[in-house]
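This is data_36.txt (compact mmCIF, C-alpha atoms and all ligand atoms).
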```
# COMPACT_ATOMS: atom_id res chain seq x y z
CA MET T 15 188.75 39.82 68.08
CA ALA T 16 186.61 39.46 71.23
CA ARG T 17 188.39 37.72 74.08
CA PRO T 18 186.36 34.69 75.12
CA THR T 19 186.11 33.35 78.63
CA ILE T 20 187.94 30.02 78.50
CA LEU T 21 187.14 27.27 81.00
CA LEU T 22 190.01 24.77 81.28
CA THR T 23 189.61 21.51 83.20
CA GLY T 24 192.44 19.20 84.28
CA ALA T 25 194.78 22.17 84.70
CA THR T 26 197.37 20.10 86.60
CA GLY T 27 197.61 17.29 84.04
CA GLN T 28 200.38 17.03 81.46
CA VAL T 29 198.49 18.74 78.63
CA GLY T 30 196.37 20.85 80.99
CA PHE T 31 199.42 22.32 82.71
CA GLU T 32 200.84 23.47 79.37
CA LEU T 33 197.49 24.89 78.30
CA ALA T 34 197.14 26.75 81.59
CA ARG T 35 200.44 28.50 80.85
CA SER T 36 199.46 29.74 77.41
CA LEU T 37 195.68 30.06 77.11
CA SER T 38 195.47 33.32 79.06
CA ARG T 39 196.94 35.04 75.99
CA HIS T 40 193.76 34.14 74.12
CA GLY T 41 190.98 34.88 76.59
CA GLU T 42 189.93 35.24 80.21
CA LEU T 43 191.18 31.93 81.52
CA ILE T 44 189.48 30.03 84.33
CA ALA T 45 191.78 27.04 84.89
CA LEU T 46 190.39 24.41 87.25
CA ASP T 47 192.08 21.41 88.81
CA ARG T 48 190.28 18.42 90.29
CA ALA T 49 189.85 20.12 93.67
CA ALA T 50 188.01 23.01 92.00
CA LEU T 51 185.94 20.83 89.67
CA ASP T 52 185.60 17.08 90.11
CA LEU T 53 184.43 15.70 86.77
CA ALA T 54 182.97 12.69 88.53
CA ASP T 55 180.40 15.10 90.02
CA ALA T 56 177.81 15.75 87.30
CA ASP T 57 176.00 18.48 89.27
CA ALA T 58 179.26 20.32 89.87
CA ILE T 59 180.02 20.34 86.13
CA VAL T 60 176.64 21.86 85.31
CA ALA T 61 176.89 24.44 88.10
CA THR T 62 180.43 25.46 87.16
CA VAL T 63 179.75 25.91 83.45
CA ARG T 64 176.59 27.89 84.18
CA GLN T 65 178.46 30.11 86.61
CA VAL T 66 181.55 30.71 84.44
CA ARG T 67 179.57 31.11 81.19
CA PRO T 68 182.56 30.33 78.96
CA GLY T 69 182.73 30.91 75.23
CA LEU T 70 185.22 28.05 75.01
CA ILE T 71 185.63 24.95 77.17
CA VAL T 72 188.88 22.99 76.95
CA ASN T 73 188.62 19.62 78.66
CA ALA T 74 192.14 18.39 79.41
CA ALA T 75 190.98 16.26 82.36
CA ALA T 76 190.66 12.52 81.98
CA TYR T 77 190.89 9.27 83.86
CA THR T 78 194.18 8.13 82.28
CA ALA T 79 195.21 5.15 84.45
CA VAL T 80 194.83 2.59 81.65
CA ASP T 81 195.50 -0.52 83.74
CA ARG T 82 193.60 0.63 86.82
CA ALA T 83 190.57 1.37 84.65
CA GLU T 84 190.11 -2.38 84.17
CA SER T 85 189.07 -2.64 87.82
CA GLU T 86 187.61 0.88 88.17
CA ARG T 87 185.25 0.85 85.22
CA ALA T 88 182.65 3.13 86.77
CA ALA T 89 185.21 5.79 87.68
CA ALA T 90 186.75 5.71 84.19
CA PHE T 91 183.36 6.03 82.48
CA ALA T 92 182.22 8.83 84.82
CA VAL T 93 185.19 11.03 83.92
CA ASN T 94 185.87 9.93 80.34
CA ALA T 95 182.35 9.36 79.02
CA ARG T 96 179.67 11.00 81.17
CA ALA T 97 181.58 14.21 81.99
CA PRO T 98 182.46 15.12 78.37
CA GLY T 99 178.81 14.52 77.47
CA ILE T 100 177.67 16.95 80.17
CA LEU T 101 180.30 19.51 79.16
CA ALA T 102 179.07 19.22 75.58
CA GLU T 103 175.41 19.63 76.55
CA GLU T 104 176.25 22.69 78.63
CA ALA T 105 178.40 24.07 75.81
CA LYS T 106 175.47 23.68 73.44
CA ARG T 107 173.10 25.33 75.89
CA GLN T 108 175.40 28.35 76.16
CA ASP T 109 176.48 28.43 72.52
CA ALA T 110 180.07 27.71 73.58
CA VAL T 111 182.65 25.61 71.73
CA LEU T 112 184.16 22.51 73.37
CA ILE T 113 187.66 21.17 72.77
CA HIS T 114 188.19 17.66 74.11
CA TYR T 115 190.98 15.07 73.86
CA SER T 116 190.64 11.40 73.06
CA THR T 117 193.01 8.55 72.36
CA ASP T 118 194.42 6.12 69.81
CA TYR T 119 193.21 3.41 72.22
CA VAL T 120 189.76 3.74 70.60
CA PHE T 121 191.27 1.54 67.86
CA ASP T 122 191.97 -2.19 67.98
CA GLY T 123 195.44 -1.76 66.49
CA ARG T 124 195.07 -4.29 63.70
CA ARG T 125 195.98 -1.73 61.03
CA THR T 126 199.55 -1.26 59.83
CA THR T 127 199.15 2.18 58.24
CA PRO T 128 198.24 5.43 60.04
CA TYR T 129 194.64 5.70 61.18
CA GLU T 130 192.47 8.37 59.55
CA GLU T 131 189.65 9.88 61.61
CA ASP T 132 186.95 7.77 59.95
CA ALA T 133 188.68 4.41 60.48
CA PRO T 134 186.49 1.91 62.34
CA THR T 135 187.02 1.89 66.09
CA GLY T 136 187.23 -1.11 68.39
CA PRO T 137 188.69 -0.39 71.81
CA LEU T 138 190.47 -3.30 73.49
CA ASN T 139 190.34 -2.01 77.05
CA VAL T 140 188.08 -0.15 79.49
CA TYR T 141 189.99 3.12 79.17
CA GLY T 142 189.64 3.05 75.37
CA ALA T 143 185.96 2.15 75.61
CA SER T 144 185.32 4.98 78.08
CA LYS T 145 187.10 7.51 75.87
CA TYR T 146 185.15 6.28 72.85
CA ASP T 147 181.88 6.72 74.75
CA GLY T 148 183.01 10.27 75.54
CA GLU T 149 183.50 10.95 71.83
CA ARG T 150 180.03 9.59 71.09
CA ALA T 151 178.39 11.58 73.87
CA ILE T 152 179.92 14.77 72.49
CA ALA T 153 178.80 13.94 68.94
CA GLN T 154 175.28 13.12 70.12
CA SER T 155 174.96 16.38 72.05
CA GLY T 156 174.99 18.39 68.84
CA ALA T 157 177.43 20.83 70.44
CA ARG T 158 180.03 22.65 68.38
CA ALA T 159 183.03 20.61 69.47
CA LEU T 160 186.49 19.62 68.34
CA VAL T 161 187.79 16.27 69.53
CA PHE T 162 191.54 15.78 69.27
CA ARG T 163 192.65 12.14 69.44
CA THR T 164 196.24 11.77 70.53
CA SER T 165 198.64 9.09 71.80
CA TRP T 166 201.54 8.31 74.17
CA VAL T 167 201.74 11.63 76.05
CA TYR T 168 204.85 12.53 78.05
CA GLY T 169 206.41 15.62 79.56
CA ALA T 170 208.90 16.88 82.10
CA ARG T 171 206.41 16.47 84.96
CA GLY T 172 203.70 14.06 85.95
CA SER T 173 203.79 10.34 85.52
CA ASN T 174 204.87 9.17 82.09
CA PHE T 175 207.13 6.86 80.08
CA LEU T 176 209.93 9.43 79.65
CA LEU T 177 210.33 10.00 83.39
CA THR T 178 210.00 6.28 84.16
CA ILE T 179 212.75 5.37 81.66
CA LEU T 180 215.05 8.15 82.94
CA ARG T 181 214.63 6.79 86.47
CA LEU T 182 215.12 3.15 85.50
CA ALA T 183 218.16 4.08 83.40
CA GLN T 184 219.87 5.19 86.60
CA GLU T 185 218.94 2.04 88.48
CA ARG T 186 219.32 -0.85 86.04
CA ASP T 187 221.84 -2.28 83.59
CA GLU T 188 219.18 -3.61 81.29
CA LEU T 189 215.73 -2.35 80.36
CA ARG T 190 213.33 -4.84 78.80
CA ILE T 191 210.83 -2.84 76.77
CA VAL T 192 207.93 -3.91 74.56
CA SER T 193 208.90 -3.75 70.89
CA ASP T 194 205.73 -5.02 69.20
CA GLN T 195 203.45 -2.03 69.94
CA SER T 196 203.80 0.89 67.54
CA GLY T 197 202.63 4.43 68.09
CA THR T 198 203.82 8.00 68.30
CA PRO T 199 205.17 9.68 71.44
CA ASN T 200 203.81 13.17 72.05
CA TRP T 201 205.33 15.89 74.18
CA CYS T 202 202.45 17.53 76.02
CA ARG T 203 203.82 20.93 74.91
CA THR T 204 203.42 19.88 71.26
CA LEU T 205 199.74 19.10 71.88
CA SER T 206 199.19 22.31 73.79
CA ASP T 207 200.92 24.43 71.15
CA ALA T 208 198.83 22.91 68.37
CA THR T 209 195.63 23.40 70.37
CA VAL T 210 196.50 27.02 71.12
CA ALA T 211 197.33 27.66 67.45
CA ALA T 212 193.85 26.44 66.54
CA ILE T 213 192.26 28.57 69.27
CA ALA T 214 194.20 31.62 68.07
CA HIS T 215 191.95 31.70 64.98
CA GLY T 216 189.09 32.70 67.27
CA VAL T 217 186.09 30.86 68.65
CA PRO T 218 183.71 31.49 65.69
CA TRP T 219 186.33 30.20 63.22
CA LEU T 220 186.94 27.19 65.46
CA ALA T 221 183.21 26.50 65.73
CA GLU T 222 182.97 26.13 61.96
CA ARG T 223 185.62 23.44 62.07
CA SER T 224 183.88 21.23 64.62
CA GLY T 225 184.68 17.56 64.28
CA LEU T 226 187.15 14.81 65.00
CA TYR T 227 190.88 15.29 64.42
CA HIS T 228 193.99 13.21 64.97
CA LEU T 229 196.58 15.31 66.75
CA ALA T 230 200.05 13.87 67.15
CA SER T 231 203.66 14.31 66.24
CA THR T 232 204.71 12.80 62.93
CA GLY T 233 206.68 9.60 62.63
CA ALA T 234 206.26 6.38 64.54
CA SER T 235 208.10 4.26 67.04
CA THR T 236 207.68 1.36 69.39
CA TRP T 237 207.95 1.63 73.16
CA HIS T 238 211.38 0.02 72.73
CA GLY T 239 212.39 2.65 70.12
CA PHE T 240 211.08 5.41 72.38
CA ALA T 241 213.11 4.06 75.33
CA GLN T 242 216.21 3.76 73.15
CA ALA T 243 215.78 7.37 72.00
CA ILE T 244 215.51 8.47 75.65
CA VAL T 245 218.55 6.53 76.82
CA GLY T 246 220.64 7.50 73.77
CA ASP T 247 223.87 5.72 72.96
CA ALA T 248 225.23 5.37 76.49
CA PRO T 249 226.65 1.86 77.01
CA ARG T 250 224.35 1.27 79.96
CA PRO T 251 221.56 0.47 80.31
CA ARG T 252 221.11 -1.91 77.42
CA VAL T 253 217.60 -1.56 75.98
CA VAL T 254 216.29 -4.98 75.01
CA GLY T 255 213.14 -5.43 72.96
CA ILE T 256 210.55 -7.89 74.30
CA ALA T 257 207.14 -9.09 73.15
CA THR T 258 203.93 -7.80 74.74
CA SER T 259 203.32 -11.36 75.94
CA GLU T 260 206.46 -11.08 78.09
CA TYR T 261 205.07 -7.97 79.85
CA PRO T 262 201.52 -8.83 80.87
CA THR T 263 199.34 -5.92 81.99
CA PRO T 264 195.72 -5.82 83.19
CA ALA T 265 194.67 -3.82 80.09
CA ARG T 266 195.21 -5.10 76.55
CA ARG T 267 196.79 -2.49 74.32
CA PRO T 268 196.54 -2.06 70.56
CA ALA T 269 199.59 -3.27 68.61
CA TYR T 270 199.39 -0.23 66.33
CA GLY T 271 198.14 3.26 67.09
CA VAL T 272 199.82 5.62 64.66
CA LEU T 273 197.47 8.48 63.79
CA SER T 274 197.40 10.31 60.47
CA THR T 275 197.53 14.02 61.26
CA ARG T 276 196.78 15.12 57.69
CA LYS T 277 193.32 16.49 58.51
CA PHE T 278 194.51 18.54 61.48
CA GLU T 279 197.48 19.96 59.58
CA ALA T 280 195.39 20.88 56.53
CA THR T 281 192.47 22.35 58.48
CA PHE T 282 194.55 24.45 60.84
CA ASN T 283 197.44 25.11 58.45
CA TYR T 284 199.78 23.81 61.14
CA ARG T 285 202.79 21.54 60.86
CA MET T 286 203.26 18.92 63.56
CA PRO T 287 206.87 18.21 64.58
CA ASP T 288 208.54 14.84 64.22
CA TRP T 289 208.39 12.99 67.54
CA ARG T 290 212.20 12.81 67.82
CA ASP T 291 212.53 16.58 67.43
CA ALA T 292 209.84 17.12 70.06
CA LEU T 293 211.62 14.73 72.43
CA ALA T 294 214.88 16.62 71.93
CA ALA T 295 213.11 19.93 72.61
CA CYS T 296 211.56 18.56 75.80
CA ARG T 297 214.89 17.13 76.99
CA SER T 298 216.62 20.46 76.33
CA GLU T 299 214.34 22.06 78.92
CA MET T 300 214.95 19.41 81.56
CA GLN T 301 217.82 19.14 84.00
CA PRO T 302 220.59 17.11 82.33
CA VAL T 303 220.76 13.55 83.65
CA PRO T 304 224.00 13.06 85.62
CA PRO T 305 226.28 10.33 84.21
CA ARG T 306 225.97 6.95 85.93
CA ALA T 307 228.56 6.26 88.58
CA ASP T 308 229.54 3.01 86.79
N1 LIG Q 401 198.64 10.23 78.83
C1 LIG Q 401 198.61 9.61 77.67
O1 LIG Q 401 199.51 8.83 77.31
C2 LIG Q 401 197.46 9.84 76.71
C3 LIG Q 401 197.40 9.09 75.52
C4 LIG Q 401 196.35 9.32 74.64
C5 LIG Q 401 195.39 10.27 74.93
N2 LIG Q 401 195.47 10.97 76.10
C6 LIG Q 401 194.42 11.94 76.38
O2 LIG Q 401 194.99 13.23 76.39
C7 LIG Q 401 194.31 14.05 77.36
C8 LIG Q 401 195.33 14.68 78.29
O3 LIG Q 401 196.01 13.62 78.96
P1 LIG Q 401 197.22 13.88 79.95
O4 LIG Q 401 198.31 12.94 79.56
O5 LIG Q 401 197.50 15.33 80.07
O6 LIG Q 401 196.57 13.33 81.28
P2 LIG Q 401 197.12 13.37 82.78
O7 LIG Q 401 198.49 13.96 82.82
O8 LIG Q 401 196.87 12.04 83.36
O9 LIG Q 401 196.17 14.44 83.45
C9 LIG Q 401 194.81 14.17 83.61
C10 LIG Q 401 194.23 15.29 84.43
O10 LIG Q 401 192.87 14.97 84.66
C11 LIG Q 401 192.60 15.19 86.02
N3 LIG Q 401 191.50 14.38 86.51
C12 LIG Q 401 191.43 13.04 86.64
N4 LIG Q 401 190.25 12.70 87.19
C13 LIG Q 401 189.58 13.86 87.40
C14 LIG Q 401 188.32 14.19 87.96
N5 LIG Q 401 187.50 13.24 88.46
N6 LIG Q 401 187.96 15.49 88.02
C15 LIG Q 401 188.78 16.45 87.57
N7 LIG Q 401 189.98 16.22 87.06
C16 LIG Q 401 190.38 14.93 86.96
C17 LIG Q 401 193.88 14.83 86.73
O11 LIG Q 401 193.88 15.40 88.01
P3 LIG Q 401 194.81 14.78 89.19
O12 LIG Q 401 196.20 15.22 88.84
O13 LIG Q 401 194.25 15.41 90.41
O14 LIG Q 401 194.63 13.30 89.13
C18 LIG Q 401 194.90 15.47 85.80
O15 LIG Q 401 195.05 16.84 86.08
C19 LIG Q 401 193.29 13.14 78.03
O16 LIG Q 401 192.05 13.29 77.41
C20 LIG Q 401 193.81 11.75 77.76
O17 LIG Q 401 192.78 10.77 77.74
C21 LIG Q 401 196.49 10.78 76.97
```

How does the structure come out when it is put into structure tokens?
Ligand SMILES: NC(=O)c1ccc[n+]([C@@H]2O[C@H](COP(=O)([O-])OP(=O)(O)OC[C@H]3O[C@@H](n4cnc5c(N)ncnc54)[C@H](OP(=O)(O)O)[C@@H]3O)[C@@H](O)[C@H]2O)c1
Amino acid sequence: MARPTILLTGATGQVGFELARSLSRHGELIALDRAALDLADADAIVATVRQVRPGLIVNAAAYTAVDRAESERAAAFAVNARAPGILAEEAKRQDAVLIHYSTDYVFDGRRTTPYEEDAPTGPLNVYGASKYDGERAIAQSGARALVFRTSWVYGARGSNFLLTILRLAQERDELRIVSDQSGTPNWCRTLSDATVAAIAHGVPWLAERSGLYHLASTGASTWHGFAQAIVGDAPRPRVVGIATSEYPTPARRPAYGVLSTRKFEATFNYRMPDWRDALAACRSEMQPVPPRAD
């Protein structure tokens, strides 16, 4: 199988970092961080893709600050909507395939059963709207592209719920965590592994499977359940469930964002792990948390 040139953006992000570690097995990898390619700079995107001439583009970069996006709408749309559109147009021009990630926040969360790919969207916040516009821009470009919607990403590095809870668990006797938002936590390694498994079939095979996929661990939780799973059964801190209304944030979030991964699993003949197993696997690679002094 010919080794494609793979252009990876967002190489220092949670998913991007994992992809940067493993994609070189599947092609000539050009992994770029924000300093090397700023996705807010449309001209730079065009120039970079034309210079690298990739067979596959994997866009792991995104504006992911959900609350800040409410006051930085233009920045969120530049990176999450305009940039994926340009990447897709350039991919089409060069007959390359694009892999891009989107979010469960494209949905309004009024469902109570897992979302299939064709469920109606209705983002509640600027981040979700910008990611949805990115999906549309890719679809409208006519490029051969795979869009993987995922949710609640965490890992051993970066800024995420797992690391926040581990820190707070050392500092506080009680954690008050939202228990009326349901979704599925995803270890960034899980998402990278599934992406790489798809890529391993080869770019032409991938190209024939262009489309929208939900990519997530199986099972569901709430933020409260996720926090409880992180803290385990230690007596302290106590993890207390609260309503979203008790934890106001600038961005509204969907009450339900569980994604059905049936299409991804069937298309790529790949089994997604249960979120609790993935969490355990992630924790097993991290430094053990020292017991609290009290
Ligand atoms: N995080 C989640 O909970 C979550 C949930 C659902 C879907 N997703 C989607 O999953 C994908 C991967 O997310 P993630 O959790 O890995 O994100 P992340 O850890 O926040 O990483 C995002 C990456 O994008 C880069 N980036 C931001 N603005 C950029 C710009 N203007 N130019 C170039 N690079 C830029 C960041 O660089 P810096 O480090 O320099 O800022 C970072 O490397 C994204 O498409 C995201 O929307 C994430």

Write out, as a Markdown table, each residue of chain T that has an atom at most 9 Å from ligand LIG 401 (chain Q), together with the closest pair of atoms and their distance in Å to one decimal, counting all atoms listed in the file, rows going by chain and rising number.
```
| residue | atom | partner | partner_atom | distance |
| --- | --- | --- | --- | --- |
| T:Thr23 | CA | Q:LIG401 | N7 | 6.6 |
| T:Gly24 | CA | Q:LIG401 | O15 | 4.0 |
| T:Ala25 | CA | Q:LIG401 | O15 | 5.5 |
| T:Thr26 | CA | Q:LIG401 | O15 | 4.0 |
| T:Gly27 | CA | Q:LIG401 | O9 | 3.2 |
| T:Gln28 | CA | Q:LIG401 | O5 | 3.6 |
| T:Val29 | CA | Q:LIG401 | O5 | 3.8 |
| T:Gly30 | CA | Q:LIG401 | O5 | 5.7 |
| T:Phe31 | CA | Q:LIG401 | O5 | 7.7 |
| T:Glu32 | CA | Q:LIG401 | O5 | 8.8 |
| T:Leu46 | CA | Q:LIG401 | C15 | 8.1 |
| T:Asp47 | CA | Q:LIG401 | N7 | 5.9 |
| T:Arg48 | CA | Q:LIG401 | C15 | 3.7 |
| T:Ala49 | CA | Q:LIG401 | C15 | 7.2 |
| T:Ala50 | CA | Q:LIG401 | C15 | 8.0 |
| T:Leu51 | CA | Q:LIG401 | C15 | 5.6 |
| T:Asp52 | CA | Q:LIG401 | N6 | 3.5 |
| T:Leu53 | CA | Q:LIG401 | N6 | 3.8 |
| T:Ala54 | CA | Q:LIG401 | N5 | 4.6 |
| T:Asp55 | CA | Q:LIG401 | N5 | 7.5 |
| T:Asn73 | CA | Q:LIG401 | O16 | 7.3 |
| T:Ala74 | CA | Q:LIG401 | C8 | 5.0 |
| T:Ala75 | CA | Q:LIG401 | O10 | 3.2 |
| T:Ala76 | CA | Q:LIG401 | O10 | 4.3 |
| T:Tyr77 | CA | Q:LIG401 | C12 | 4.7 |
| T:Thr78 | CA | Q:LIG401 | O8 | 4.9 |
| T:Ala79 | CA | Q:LIG401 | O8 | 7.2 |
| T:Val80 | CA | Q:LIG401 | C1 | 8.9 |
| T:Ala89 | CA | Q:LIG401 | N5 | 7.8 |
| T:Ala90 | CA | Q:LIG401 | N4 | 8.4 |
| T:Ala92 | CA | Q:LIG401 | N5 | 7.8 |
| T:Val93 | CA | Q:LIG401 | N5 | 5.6 |
| T:Asn94 | CA | Q:LIG401 | O17 | 7.4 |
| T:Ala97 | CA | Q:LIG401 | N5 | 8.8 |
| T:His114 | CA | Q:LIG401 | O16 | 6.7 |
| T:Tyr115 | CA | Q:LIG401 | O16 | 4.1 |
| T:Ser116 | CA | Q:LIG401 | O16 | 4.9 |
| T:Thr117 | CA | Q:LIG401 | C5 | 3.9 |
| T:Asp118 | CA | Q:LIG401 | C4 | 6.1 |
| T:Tyr119 | CA | Q:LIG401 | C4 | 7.1 |
| T:Tyr141 | CA | Q:LIG401 | O17 | 8.3 |
| T:Gly142 | CA | Q:LIG401 | O17 | 8.7 |
| T:Lys145 | CA | Q:LIG401 | O17 | 6.8 |
| T:Phe162 | CA | Q:LIG401 | O2 | 8.3 |
| T:Arg163 | CA | Q:LIG401 | C5 | 6.4 |
| T:Thr164 | CA | Q:LIG401 | C5 | 4.7 |
| T:Ser165 | CA | Q:LIG401 | C4 | 3.7 |
| T:Trp166 | CA | Q:LIG401 | O1 | 3.8 |
| T:Val167 | CA | Q:LIG401 | O1 | 3.8 |
| T:Tyr168 | CA | Q:LIG401 | O1 | 6.5 |
| T:Gly169 | CA | Q:LIG401 | O4 | 8.5 |
| T:Arg171 | CA | Q:LIG401 | O7 | 8.6 |
| T:Gly172 | CA | Q:LIG401 | O7 | 6.1 |
| T:Ser173 | CA | Q:LIG401 | O7 | 7.0 |
| T:Asn174 | CA | Q:LIG401 | N1 | 7.1 |
| T:Phe175 | CA | Q:LIG401 | O1 | 8.3 |
| T:Pro199 | CA | Q:LIG401 | O1 | 8.2 |
| T:Asn200 | CA | Q:LIG401 | O1 | 8.1 |
| T:Cys202 | CA | Q:LIG401 | O5 | 6.8 |
| T:Leu205 | CA | Q:LIG401 | O2 | 8.8 |
```

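With distances restricted to all atoms listed in the file, T:Gln184 is the closest residue to T:Ala248 from T:Thr126, T:Thr62, T:Ser155, T:Gln184.
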
Exercise: T:Pro18 partners within 6 Å, all atoms listed in the file, chain neighbours under 2 positions left out, as a ChimeraX atom specification: /T:20,41,69

Give me the residues within 9 Å of stretch 107-109 of chain T as a PDB file with C-alpha atoms, in the coordinates of the input, counting all atoms listed in the file and dropping any in the same chain fewer than 4 places off.
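Contents of the output file part27.pdb:
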```
ATOM      1  CA  VAL T  63     179.750  25.910  83.450  1.00  0.00           C
ATOM      2  CA  ARG T  64     176.590  27.890  84.180  1.00  0.00           C
ATOM      3  CA  ARG T  67     179.570  31.110  81.190  1.00  0.00           C
ATOM      4  CA  PRO T  68     182.560  30.330  78.960  1.00  0.00           C
ATOM      5  CA  GLY T  69     182.730  30.910  75.230  1.00  0.00           C
ATOM      6  CA  ALA T 102     179.070  19.220  75.580  1.00  0.00           C
ATOM      7  CA  GLU T 103     175.410  19.630  76.550  1.00  0.00           C
ATOM      8  CA  ALA T 157     177.430  20.830  70.440  1.00  0.00           C
ATOM      9  CA  ARG T 158     180.030  22.650  68.380  1.00  0.00           C
TER      10      ARG T 158
END
```

Choose the residue, out of T:Val161, T:Ala212, T:Leu176, T:Ala88, that has the smallest atom-to-atom separation from T:Ala280; count all atoms listed in the file.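 Going through T:Val161, T:Ala212, T:Leu176, T:Ala88 one by one, the smallest distance to T:Ala280 is for T:Ala212.
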
Point-to-point distance in Å for atom CA of T:Ile113 and atom CA of T:Lys277: 16.0 Å

Using all atoms listed in the file, find all polymer residues with an atom at most 12 Å away from the point (219.6, -0.1, 87.1); report them as a VMD selection string. chain T and resid 178 to 190 250 to 253 306 to 308

T:Arg150, T:Arg285, T:Arg125, T:Arg82: which is nearest T:Pro98, counting all atoms listed in the file? T:Arg150

Select all residues near (190.9, -0.5, 64.5) (cut-off 7 Å, inclusive, file coordinates), counting only C-alpha atoms, and output them as JSON, numbers by chain. {"T": [121, 122, 123, 124, 125, 133, 134, 135, 136]}

Write out as a PyMOL selection string the residues lying within 9 Å of T:Ala243, counting all atoms listed in the file and excluding same-chain residues fewer than 5 positions away. chain T and resi 238+290+293

So, with only C-alpha atoms as the atoms that count, which of T:Val192, T:Ala143, T:Leu226, T:Ala295 lies closest to T:Phe240? T:Val192
